[in-house]
file final_28.txt (compact mmCIF, C-alpha atoms and all ligand atoms)
# COMPACT_ATOMS: atom_id res chain seq x y z
CA MET N 1 0.00 0.00 0.00
CA TYR N 2 0.99 3.58 -0.55
CA ALA N 3 -0.22 6.69 1.21
CA GLY N 4 -0.99 9.62 -1.09
CA ILE N 5 -1.24 13.16 0.21
CA GLU N 6 -2.57 15.90 -2.02
CA ALA N 7 -1.42 19.05 -0.27
CA GLY N 8 -3.64 21.74 -1.74
CA GLY N 9 -3.82 25.39 -0.85
CA THR N 10 -7.48 25.00 0.15
CA LYS N 11 -7.61 21.42 1.37
CA PHE N 12 -5.52 18.32 1.91
CA VAL N 13 -6.74 14.98 0.58
CA CYS N 14 -5.15 11.78 1.88
CA ALA N 15 -5.78 8.19 0.78
CA VAL N 16 -4.16 4.78 0.74
CA GLY N 17 -4.01 2.39 -2.19
CA THR N 18 -1.97 1.44 -5.22
CA GLY N 19 -4.02 3.02 -8.01
CA PRO N 20 -7.46 4.18 -9.10
CA ASP N 21 -9.20 0.87 -8.39
CA ASP N 22 -8.30 0.47 -4.74
CA LEU N 23 -8.18 3.97 -3.22
CA THR N 24 -9.50 3.77 0.33
CA ALA N 25 -9.55 5.73 3.57
CA VAL N 26 -9.97 8.97 1.62
CA THR N 27 -9.66 11.72 4.20
CA THR N 28 -10.06 15.45 3.59
CA PHE N 29 -9.29 18.40 5.84
CA PRO N 30 -8.93 22.13 5.24
CA THR N 31 -5.50 23.71 4.86
CA THR N 32 -5.15 25.88 7.97
CA THR N 33 -1.81 26.56 9.68
CA PRO N 34 1.16 24.41 8.64
CA LYS N 35 1.42 22.84 12.10
CA GLU N 36 -2.24 21.93 12.42
CA THR N 37 -2.51 20.68 8.83
CA LEU N 38 0.73 18.67 8.77
CA ASP N 39 -0.15 17.15 12.16
CA LEU N 40 -3.34 15.79 10.58
CA ALA N 41 -1.39 14.47 7.57
CA CYS N 42 1.12 12.78 9.92
CA ALA N 43 -1.71 11.25 11.96
CA PHE N 44 -3.18 9.83 8.75
CA VAL N 45 0.16 8.27 7.80
CA ALA N 46 0.68 6.95 11.35
CA ASP N 47 -2.75 5.29 11.23
CA HIS N 48 -1.72 3.32 8.15
CA SER N 49 2.01 2.96 8.70
CA ALA N 50 1.94 -0.81 9.25
CA ASP N 51 1.08 -1.50 5.59
CA LEU N 52 2.99 1.28 3.85
CA ARG N 53 5.64 0.78 1.15
CA GLY N 54 5.87 4.45 0.29
CA ILE N 55 4.35 7.89 0.62
CA GLY N 56 3.66 10.42 -2.12
CA VAL N 57 3.08 14.11 -1.58
CA ALA N 58 1.69 16.25 -4.41
CA SER N 59 1.91 19.78 -3.10
CA PHE N 60 0.93 23.33 -3.92
CA GLY N 61 4.02 25.40 -4.46
CA PRO N 62 6.44 26.61 -5.36
CA VAL N 63 8.36 23.71 -3.81
CA ASP N 64 12.01 22.70 -3.56
CA LEU N 65 12.54 19.46 -5.50
CA HIS N 66 16.34 19.32 -5.43
CA HIS N 67 17.33 16.25 -3.45
CA SER N 68 20.68 17.79 -2.54
CA SER N 69 19.16 21.02 -1.22
CA GLU N 70 18.86 21.77 2.49
CA THR N 71 15.28 22.77 1.88
CA TYR N 72 14.31 19.75 -0.22
CA GLY N 73 10.66 18.95 0.51
CA PHE N 74 9.81 22.51 1.52
CA ILE N 75 7.09 24.76 0.19
CA THR N 76 9.17 27.86 -0.56
CA SER N 77 8.02 31.30 -1.69
CA THR N 78 4.27 30.77 -1.63
CA PRO N 79 2.08 33.84 -1.13
CA LYS N 80 -0.22 31.68 1.01
CA PRO N 81 -0.13 33.29 4.47
CA GLY N 82 1.91 31.36 7.04
CA TRP N 83 3.18 28.74 4.59
CA THR N 84 6.36 30.39 3.27
CA ASP N 85 9.38 28.10 3.83
CA THR N 86 7.40 25.23 5.32
CA ASP N 87 9.07 21.85 5.72
CA VAL N 88 6.43 19.41 4.47
CA LEU N 89 8.49 16.21 4.27
CA GLY N 90 10.36 16.55 7.59
CA PRO N 91 7.35 15.81 9.82
CA LEU N 92 6.24 12.93 7.59
CA ARG N 93 9.69 11.30 7.68
CA LYS N 94 9.38 11.12 11.46
CA VAL N 95 6.22 9.02 11.34
CA ALA N 96 7.10 6.48 8.64
CA ASP N 97 10.48 5.20 7.52
CA VAL N 98 9.56 4.52 3.89
CA PRO N 99 10.50 6.18 0.57
CA ILE N 100 8.68 9.47 0.01
CA GLY N 101 7.96 10.93 -3.42
CA PHE N 102 7.47 14.67 -3.55
CA ASP N 103 6.43 16.93 -6.42
CA THR N 104 4.02 19.66 -7.38
CA ASP N 105 0.29 18.90 -7.27
CA VAL N 106 0.05 19.28 -11.05
CA ASN N 107 3.13 17.17 -11.79
CA GLY N 108 1.57 14.49 -9.60
CA ALA N 109 -1.71 14.74 -11.47
CA ALA N 110 0.12 14.59 -14.82
CA LEU N 111 1.88 11.41 -13.70
CA GLY N 112 -1.36 9.86 -12.43
CA GLU N 113 -3.20 10.64 -15.66
CA ALA N 114 -0.24 9.35 -17.71
CA ARG N 115 -0.19 6.11 -15.75
CA TRP N 116 -3.88 5.39 -15.24
CA GLY N 117 -5.96 8.01 -16.99
CA ALA N 118 -6.44 10.25 -19.98
CA ALA N 119 -2.91 9.80 -21.33
CA ALA N 120 -2.35 6.15 -20.43
CA ASP N 121 -1.51 5.24 -24.02
CA LEU N 122 0.98 8.10 -24.55
CA GLU N 123 4.59 9.03 -23.84
CA SER N 124 3.85 12.69 -23.14
CA CYS N 125 1.10 14.89 -21.81
CA VAL N 126 0.49 18.11 -19.93
CA TYR N 127 -2.00 18.33 -17.07
CA VAL N 128 -3.44 21.77 -16.45
CA THR N 129 -5.66 22.74 -13.56
CA VAL N 130 -7.89 25.79 -13.73
CA GLY N 131 -9.22 26.34 -10.25
CA THR N 132 -8.28 28.63 -7.38
CA GLY N 133 -5.01 28.96 -9.26
CA VAL N 134 -3.83 27.90 -12.70
CA GLY N 135 -0.94 25.48 -13.00
CA GLY N 136 0.44 22.72 -15.14
CA GLY N 137 2.66 19.66 -14.93
CA ALA N 138 4.18 17.66 -17.74
CA VAL N 139 5.24 14.12 -18.52
CA VAL N 140 7.80 13.86 -21.32
CA GLY N 141 9.14 10.50 -22.48
CA GLY N 142 7.31 8.89 -19.58
CA GLN N 143 9.14 11.07 -17.02
CA LEU N 144 7.99 14.10 -15.08
CA LEU N 145 9.45 17.30 -16.42
CA HIS N 146 11.75 19.19 -14.06
CA GLY N 147 14.25 21.87 -14.84
CA LEU N 148 16.03 24.39 -12.71
CA LEU N 149 12.79 24.41 -10.71
CA HIS N 150 9.52 22.92 -11.86
CA PRO N 151 7.22 24.29 -14.53
CA GLU N 152 5.17 27.32 -13.42
CA MET N 153 2.82 27.37 -16.38
CA GLY N 154 0.10 29.36 -14.66
CA HIS N 155 2.12 32.56 -14.75
CA LEU N 156 2.47 32.68 -18.50
CA PRO N 157 1.88 36.20 -19.84
CA VAL N 158 -1.28 36.43 -21.94
CA VAL N 159 -2.59 38.94 -24.45
CA ARG N 160 -5.68 40.68 -23.09
CA HIS N 161 -8.95 39.76 -24.78
CA GLN N 162 -10.43 42.71 -26.68
CA ASP N 163 -13.64 42.71 -24.61
CA ASP N 164 -11.91 42.31 -21.26
CA ASP N 165 -10.97 45.26 -19.07
CA PHE N 166 -10.24 43.26 -15.92
CA VAL N 167 -6.83 44.26 -14.53
CA GLY N 168 -5.92 40.79 -13.30
CA ARG N 169 -5.33 39.58 -9.77
CA CYS N 170 -1.96 37.83 -9.63
CA PRO N 171 -0.08 39.48 -6.73
CA PHE N 172 3.14 39.23 -8.76
CA HIS N 173 2.08 39.95 -12.34
CA GLY N 174 -1.46 41.28 -12.36
CA GLY N 175 -2.72 40.01 -15.69
CA CYS N 176 -0.78 36.77 -16.22
CA LEU N 177 -2.82 33.68 -17.13
CA GLU N 178 -3.62 32.88 -13.50
CA GLY N 179 -4.38 36.53 -12.83
CA MET N 180 -6.91 36.58 -15.68
CA ALA N 181 -8.33 33.06 -15.86
CA SER N 182 -8.43 31.53 -12.35
CA GLY N 183 -11.74 30.94 -10.57
CA PRO N 184 -11.20 33.97 -8.30
CA ALA N 185 -10.45 36.12 -11.40
CA ILE N 186 -13.84 35.13 -12.81
CA ALA N 187 -15.51 35.89 -9.49
CA ASP N 188 -13.86 39.33 -9.33
CA ARG N 189 -14.67 40.18 -12.94
CA TRP N 190 -18.35 39.21 -12.89
CA GLY N 191 -19.04 39.64 -9.17
CA THR N 192 -20.23 36.07 -8.74
CA PRO N 193 -18.50 32.70 -8.32
CA ALA N 194 -17.85 30.90 -11.61
CA GLN N 195 -20.34 28.14 -10.83
CA SER N 196 -23.16 30.70 -10.43
CA LEU N 197 -22.71 32.42 -13.81
CA LYS N 198 -25.79 32.33 -16.02
CA GLY N 199 -27.10 33.57 -19.36
CA GLU N 200 -25.13 36.28 -21.08
CA GLN N 201 -22.48 36.45 -18.37
CA LEU N 202 -21.84 32.72 -18.69
CA GLU N 203 -21.51 33.03 -22.47
CA GLN N 204 -19.12 35.95 -22.10
CA ALA N 205 -17.08 34.13 -19.47
CA VAL N 206 -16.73 31.04 -21.65
CA VAL N 207 -15.50 33.11 -24.61
CA ILE N 208 -12.94 35.05 -22.57
CA GLU N 209 -11.81 32.06 -20.53
CA ALA N 210 -11.42 29.93 -23.68
CA ASP N 211 -9.31 32.66 -25.25
CA TYR N 212 -6.83 32.80 -22.36
CA LEU N 213 -6.65 29.04 -21.98
CA ALA N 214 -6.16 28.63 -25.73
CA GLN N 215 -3.17 30.97 -25.52
CA MET N 216 -1.73 28.59 -22.96
CA ALA N 217 -2.63 25.54 -25.05
CA ALA N 218 -0.87 27.11 -28.06
CA ALA N 219 2.23 27.94 -26.00
CA LEU N 220 2.38 24.37 -24.67
CA THR N 221 1.89 22.98 -28.15
CA TYR N 222 4.68 25.14 -29.58
CA ILE N 223 7.15 24.67 -26.73
CA LEU N 224 6.66 21.07 -25.60
CA SER N 225 4.71 19.43 -28.40
CA PRO N 226 2.95 17.05 -26.00
CA ALA N 227 0.74 14.27 -27.34
CA ARG N 228 -2.22 15.39 -25.23
CA LEU N 229 -3.38 18.31 -23.11
CA ILE N 230 -5.54 17.46 -20.11
CA PHE N 231 -7.54 20.35 -18.64
CA GLY N 232 -9.00 19.82 -15.16
CA GLY N 233 -10.00 21.90 -12.13
CA GLY N 234 -13.30 23.39 -11.05
CA VAL N 235 -13.46 26.17 -13.64
CA MET N 236 -13.32 23.63 -16.50
CA GLN N 237 -16.82 22.58 -15.45
CA LEU N 238 -18.17 25.82 -16.96
CA GLU N 239 -20.68 24.65 -19.52
CA GLY N 240 -19.19 24.68 -23.02
CA LEU N 241 -15.70 25.73 -21.94
CA LEU N 242 -13.82 22.61 -23.03
CA GLU N 243 -15.42 22.76 -26.49
CA ALA N 244 -14.78 26.50 -26.79
CA LEU N 245 -11.14 25.99 -25.79
CA ARG N 246 -10.66 23.35 -28.49
CA ALA N 247 -12.22 25.57 -31.14
CA ARG N 248 -10.21 28.62 -30.06
CA LEU N 249 -6.92 26.70 -30.17
CA VAL N 250 -7.57 25.49 -33.72
CA GLU N 251 -8.56 29.04 -34.70
CA GLY N 252 -5.49 30.52 -33.02
CA LEU N 253 -3.06 28.11 -34.71
CA ASN N 254 -4.54 29.49 -37.92
CA GLY N 255 -3.46 26.67 -40.20
CA TYR N 256 0.07 26.42 -38.80
CA LEU N 257 0.82 22.91 -37.45
CA ASP N 258 -1.66 21.26 -39.75
CA VAL N 259 -1.31 17.87 -38.09
CA ARG N 260 -4.12 15.39 -37.85
CA GLU N 261 -3.58 14.64 -34.13
CA ILE N 262 -4.23 18.28 -33.27
CA ILE N 263 -6.65 19.63 -35.87
CA GLU N 264 -8.85 16.70 -36.89
CA ASP N 265 -8.54 14.94 -33.56
CA ILE N 266 -8.85 18.05 -31.41
CA ASP N 267 -11.41 16.25 -29.21
CA ARG N 268 -8.69 13.78 -28.31
CA TYR N 269 -5.89 16.37 -28.17
CA ILE N 270 -7.53 18.50 -25.45
CA VAL N 271 -9.42 16.35 -22.97
CA ALA N 272 -10.82 16.31 -19.44
CA PRO N 273 -9.02 14.22 -16.83
CA ALA N 274 -10.10 10.60 -16.49
CA HIS N 275 -9.90 10.87 -12.71
CA ALA N 276 -11.19 14.40 -12.23
CA ASP N 277 -12.45 13.83 -8.70
CA ASN N 278 -9.21 12.50 -7.32
CA ALA N 279 -6.53 13.49 -9.85
CA GLY N 280 -4.46 15.06 -7.07
CA VAL N 281 -4.42 12.25 -4.54
CA LEU N 282 -4.03 9.64 -7.27
CA GLY N 283 -1.05 11.64 -8.50
CA ALA N 284 0.38 11.43 -5.01
CA ILE N 285 -0.05 7.63 -5.07
CA ALA N 286 1.81 7.57 -8.42
CA LEU N 287 4.62 9.63 -6.85
CA ALA N 288 4.80 7.13 -3.98
CA ASP N 289 5.01 4.27 -6.47
CA ASN N 290 7.85 6.04 -8.30
CA ALA N 291 9.73 6.67 -5.04
CA ALA N 292 9.30 3.07 -3.85
CA SER N 293 10.49 1.72 -7.21
CA GLU N 294 13.65 3.82 -7.38
CA PRO N 295 16.93 2.03 -6.70
CA THR N 296 18.27 3.18 -3.31
P1 LIG D 1 -8.64 24.13 -6.07
O1 LIG D 1 -8.09 24.85 -7.25
O2 LIG D 1 -8.81 25.03 -4.89
O3 LIG D 1 -7.92 22.87 -5.74
P2 LIG D 1 -10.97 23.58 -7.71
O4 LIG D 1 -10.25 22.96 -8.83
O5 LIG D 1 -12.29 22.96 -7.33
O6 LIG D 1 -10.13 23.64 -6.38
O7 LIG D 1 -11.21 25.09 -8.11
C1 LIG D 1 -11.99 25.95 -7.36
C2 LIG D 1 -12.48 27.04 -8.29
O8 LIG D 1 -13.31 26.45 -9.29
C3 LIG D 1 -13.32 28.10 -7.59
O9 LIG D 1 -12.86 29.37 -7.99
C4 LIG D 1 -14.73 27.84 -8.08
O10 LIG D 1 -15.46 29.05 -8.24
C5 LIG D 1 -14.53 27.15 -9.41
N1 LIG D 1 -15.58 26.16 -9.66
C6 LIG D 1 -15.92 25.11 -8.88
N2 LIG D 1 -16.95 24.43 -9.43
C7 LIG D 1 -17.27 25.05 -10.58
C8 LIG D 1 -18.25 24.83 -11.61
N3 LIG D 1 -19.13 23.83 -11.52
N4 LIG D 1 -18.26 25.68 -12.65
C9 LIG D 1 -17.39 26.68 -12.72
N5 LIG D 1 -16.45 26.94 -11.79
C10 LIG D 1 -16.39 26.16 -10.73
ZN ZN D 2 1.35 35.56 -12.09

call {"tool": "encode", "arguments": {"input": "final_28.txt", "output": "structure tokens"}}
result
Amino acid sequence: MYAGIEAGGTKFVCAVGTGPDDLTAVTTFPTTTPKETLDLACAFVADHSADLRGIGVASFGPVDLHHSSETYGFITSTPKPGWTDTDVLGPLRKVADVPIGFDTDVNGAALGEARWGAAADLESCVYVTVGTGVGGGAVVGGQLLHGLLHPEMGHLPVVRHQDDDFVGRCPFHGGCLEGMASGPAIADRWGTPAQSLKGEQLEQAVVIEADYLAQMAAALTYILSPARLIFGGGVMQLEGLLEALRARLVEGLNGYLDVREIIEDIDRYIVAPAHADNAGVLGAIALADNAASEPT
């Protein structure tokens, strides 16, 4: 058994299992202070420690993923109050002496979807979440993509839509993708949470949201050339958004990259996650599996 911990900025989700078919003990609690929240995560692990072969943590970030760094396993420069420079792995190591995999929440979800979900037949994919924030993780050649840090796709600069005068709400960049297209950006712009939009406002929101997300989809297509783009997160439940995003990407490419897998098969190029409800915690289980399978 593995323990998976999805460490989200709003809530933590923990579970044990080895994959999508045997996830059990799913436990959710809100993300409060680091001490209170990590104590609950440690208690979850302690409860199941007898059967554990590994732990996976898929965390909000930014995080330090360099094994040789003194702050490996830390959440680093997050704007989330109280969580800057928080050691996430340290407390967990004290409760279970098993391999621990650690990565971003979206890298975890990308790995989970590549192993068991919407990209199971492919060597590469990108998983994007559009929710409280916007972020993305990538699998390339079957491996999670890391660089100097980890991808921070949500902060991509975007070109403002002609009908949009919203200034953007990213504390660092104002109108970056996350600043313009996250759930809270929608709520600020239209004065109502995304899930409550109706009528003309809903139509407008879908057009504008699709435009920003298509800019991201085009950037990912040009830079990484992944075999599939998986768009998840609460905002993607907006009625018609996935279809509008597909259409806007094809329109934006404007005949360049005239490849069948993108243009004719756009419905298979941009897809929803297969495990939308537990993409995060399943990703954490996949990270645990990776960590337990690595030669020591
Ligand atoms: P998080 O990003 O916090 O992990 P979610 O992916 O559920 O969680 O994203 C939350 C955001 O998604 C909120 O801003 C919320 O308004 C929006 N959201 C949730 N459900 C829906 C829905 N059915 N339609 C549109 N937006 C939604
Ligand atoms: Zn930003």

call {"tool": "closest_atom_pairs", "arguments": {"input": "final_28.txt", "of": "chain N", "to": "ligand ZN 2 (chain D)", "cutoff": "8 Å", "atoms": "all atoms listed in the file", "output": "CSV"}}
result
residue,atom,partner,partner_atom,distance
N:Gly154,CA,D:ZN2,ZN,6.8
N:His155,CA,D:ZN2,ZN,4.1
N:Leu156,CA,D:ZN2,ZN,7.1
N:Pro157,CA,D:ZN2,ZN,7.8
N:Cys170,CA,D:ZN2,ZN,4.7
N:Pro171,CA,D:ZN2,ZN,6.8
N:Phe172,CA,D:ZN2,ZN,5.3
N:His173,CA,D:ZN2,ZN,4.5
N:Gly174,CA,D:ZN2,ZN,6.4
N:Gly175,CA,D:ZN2,ZN,7.0
N:Cys176,CA,D:ZN2,ZN,4.8
N:Leu177,CA,D:ZN2,ZN,6.8
N:Glu178,CA,D:ZN2,ZN,5.8
N:Gly179,CA,D:ZN2,ZN,5.9

call {"tool": "closest_residue", "arguments": {"input": "final_28.txt", "among": "N:His146, N:Lys198, N:Arg115, N:Lys94", "to": "ligand LIG 1 (chain D)", "atoms": "only C-alpha atoms and all ligand atoms"}}
result
N:Lys198

call {"tool": "atom_distance", "arguments": {"input": "final_28.txt", "atom1": "CA of Glu209 (chain N)", "atom2": "CA of Leu241 (chain N)"}}
result
7.6 Å

call {"tool": "atom_distance", "arguments": {"input": "final_28.txt", "atom1": "CA of Val88 (chain N)", "atom2": "CA of Phe29 (chain N)"}}
result
15.8 Å

call {"tool": "closest_residue", "arguments": {"input": "final_28.txt", "among": "N:Glu264, N:Asp105, N:Asp277, N:Asp87", "to": "Phe74 (chain N)", "atoms": "only C-alpha atoms"}}
result
N:Asp87

call {"tool": "closest_residue", "arguments": {"input": "final_28.txt", "among": "N:Val235, N:Val259, N:Ala185, N:Leu38", "to": "ligand LIG 1 (chain D)", "atoms": "all atoms listed in the file"}}
result
N:Val235

call {"tool": "atom_distance", "arguments": {"input": "final_28.txt", "atom1": "CA of Gln195 (chain N)", "atom2": "CA of Arg268 (chain N)"}}
result
25.4 Å

call {"tool": "residues_near_ligand", "arguments": {"input": "final_28.txt", "ligand": "ligand LIG 1 (chain D)", "cutoff": "10 Å", "atoms": "all atoms listed in the file", "output": "JSON, numbers by chain"}}
result
{"N": [6, 7, 8, 9, 10, 11, 12, 60, 105, 129, 130, 131, 132, 133, 134, 135, 181, 182, 183, 184, 185, 186, 187, 192, 193, 194, 195, 196, 197, 202, 206, 232, 233, 234, 235, 236, 237, 238, 239, 241, 276, 277, 280]}

call {"tool": "residues_near_point", "arguments": {"input": "final_28.txt", "point": "(4.4, 23.8, -17.8)", "cutoff": "8 Å", "atoms": "all atoms listed in the file", "output": "list in words"}}
result
Val126, Gly135, Gly136, Gly137, Ala138, His150, Pro151, Glu152, Met153, Gly154 and Leu220 of chain N

call {"tool": "build_atoms", "arguments": {"input": "final_28.txt", "residues": "region 217-229 of chain N", "atoms": "N, CA and C atoms", "output": "PDB file, in the frame of the given file"}}
result
ATOM      1  N   ALA N 217      -2.685  26.784 -24.279  1.00  0.00           N
ATOM      2  CA  ALA N 217      -2.630  25.540 -25.050  1.00  0.00           C
ATOM      3  C   ALA N 217      -1.710  25.696 -26.263  1.00  0.00           C
ATOM      4  N   ALA N 218      -1.745  26.872 -26.902  1.00  0.00           N
ATOM      5  CA  ALA N 218      -0.870  27.110 -28.060  1.00  0.00           C
ATOM      6  C   ALA N 218       0.591  27.157 -27.599  1.00  0.00           C
ATOM      7  N   ALA N 219       0.849  27.849 -26.503  1.00  0.00           N
ATOM      8  CA  ALA N 219       2.230  27.940 -26.000  1.00  0.00           C
ATOM      9  C   ALA N 219       2.764  26.548 -25.666  1.00  0.00           C
ATOM     10  N   LEU N 220       1.944  25.734 -25.010  1.00  0.00           N
ATOM     11  CA  LEU N 220       2.380  24.370 -24.670  1.00  0.00           C
ATOM     12  C   LEU N 220       2.621  23.557 -25.929  1.00  0.00           C
ATOM     13  N   THR N 221       1.755  23.720 -26.888  1.00  0.00           N
ATOM     14  CA  THR N 221       1.890  22.980 -28.150  1.00  0.00           C
ATOM     15  C   THR N 221       3.196  23.376 -28.847  1.00  0.00           C
ATOM     16  N   TYR N 222       3.466  24.675 -28.904  1.00  0.00           N
ATOM     17  CA  TYR N 222       4.680  25.140 -29.580  1.00  0.00           C
ATOM     18  C   TYR N 222       5.954  24.767 -28.810  1.00  0.00           C
ATOM     19  N   ILE N 223       5.914  24.853 -27.505  1.00  0.00           N
ATOM     20  CA  ILE N 223       7.150  24.670 -26.730  1.00  0.00           C
ATOM     21  C   ILE N 223       7.441  23.201 -26.434  1.00  0.00           C
ATOM     22  N   LEU N 224       6.424  22.459 -26.040  1.00  0.00           N
ATOM     23  CA  LEU N 224       6.660  21.070 -25.600  1.00  0.00           C
ATOM     24  C   LEU N 224       6.210  20.022 -26.596  1.00  0.00           C
ATOM     25  N   SER N 225       5.287  20.378 -27.460  1.00  0.00           N
ATOM     26  CA  SER N 225       4.710  19.430 -28.400  1.00  0.00           C
ATOM     27  C   SER N 225       4.231  18.136 -27.721  1.00  0.00           C
ATOM     28  N   PRO N 226       3.428  18.272 -26.673  1.00  0.00           N
ATOM     29  CA  PRO N 226       2.950  17.050 -26.000  1.00  0.00           C
ATOM     30  C   PRO N 226       1.903  16.336 -26.844  1.00  0.00           C
ATOM     31  N   ALA N 227       1.713  15.044 -26.566  1.00  0.00           N
ATOM     32  CA  ALA N 227       0.740  14.270 -27.340  1.00  0.00           C
ATOM     33  C   ALA N 227      -0.691  14.556 -26.911  1.00  0.00           C
ATOM     34  N   ARG N 228      -0.857  15.087 -25.692  1.00  0.00           N
ATOM     35  CA  ARG N 228      -2.220  15.390 -25.230  1.00  0.00           C
ATOM     36  C   ARG N 228      -2.181  16.457 -24.155  1.00  0.00           C
ATOM     37  N   LEU N 229      -3.205  17.301 -24.148  1.00  0.00           N
ATOM     38  CA  LEU N 229      -3.380  18.310 -23.110  1.00  0.00           C
ATOM     39  C   LEU N 229      -4.608  17.941 -22.295  1.00  0.00           C
TER      40      LEU N 229
END
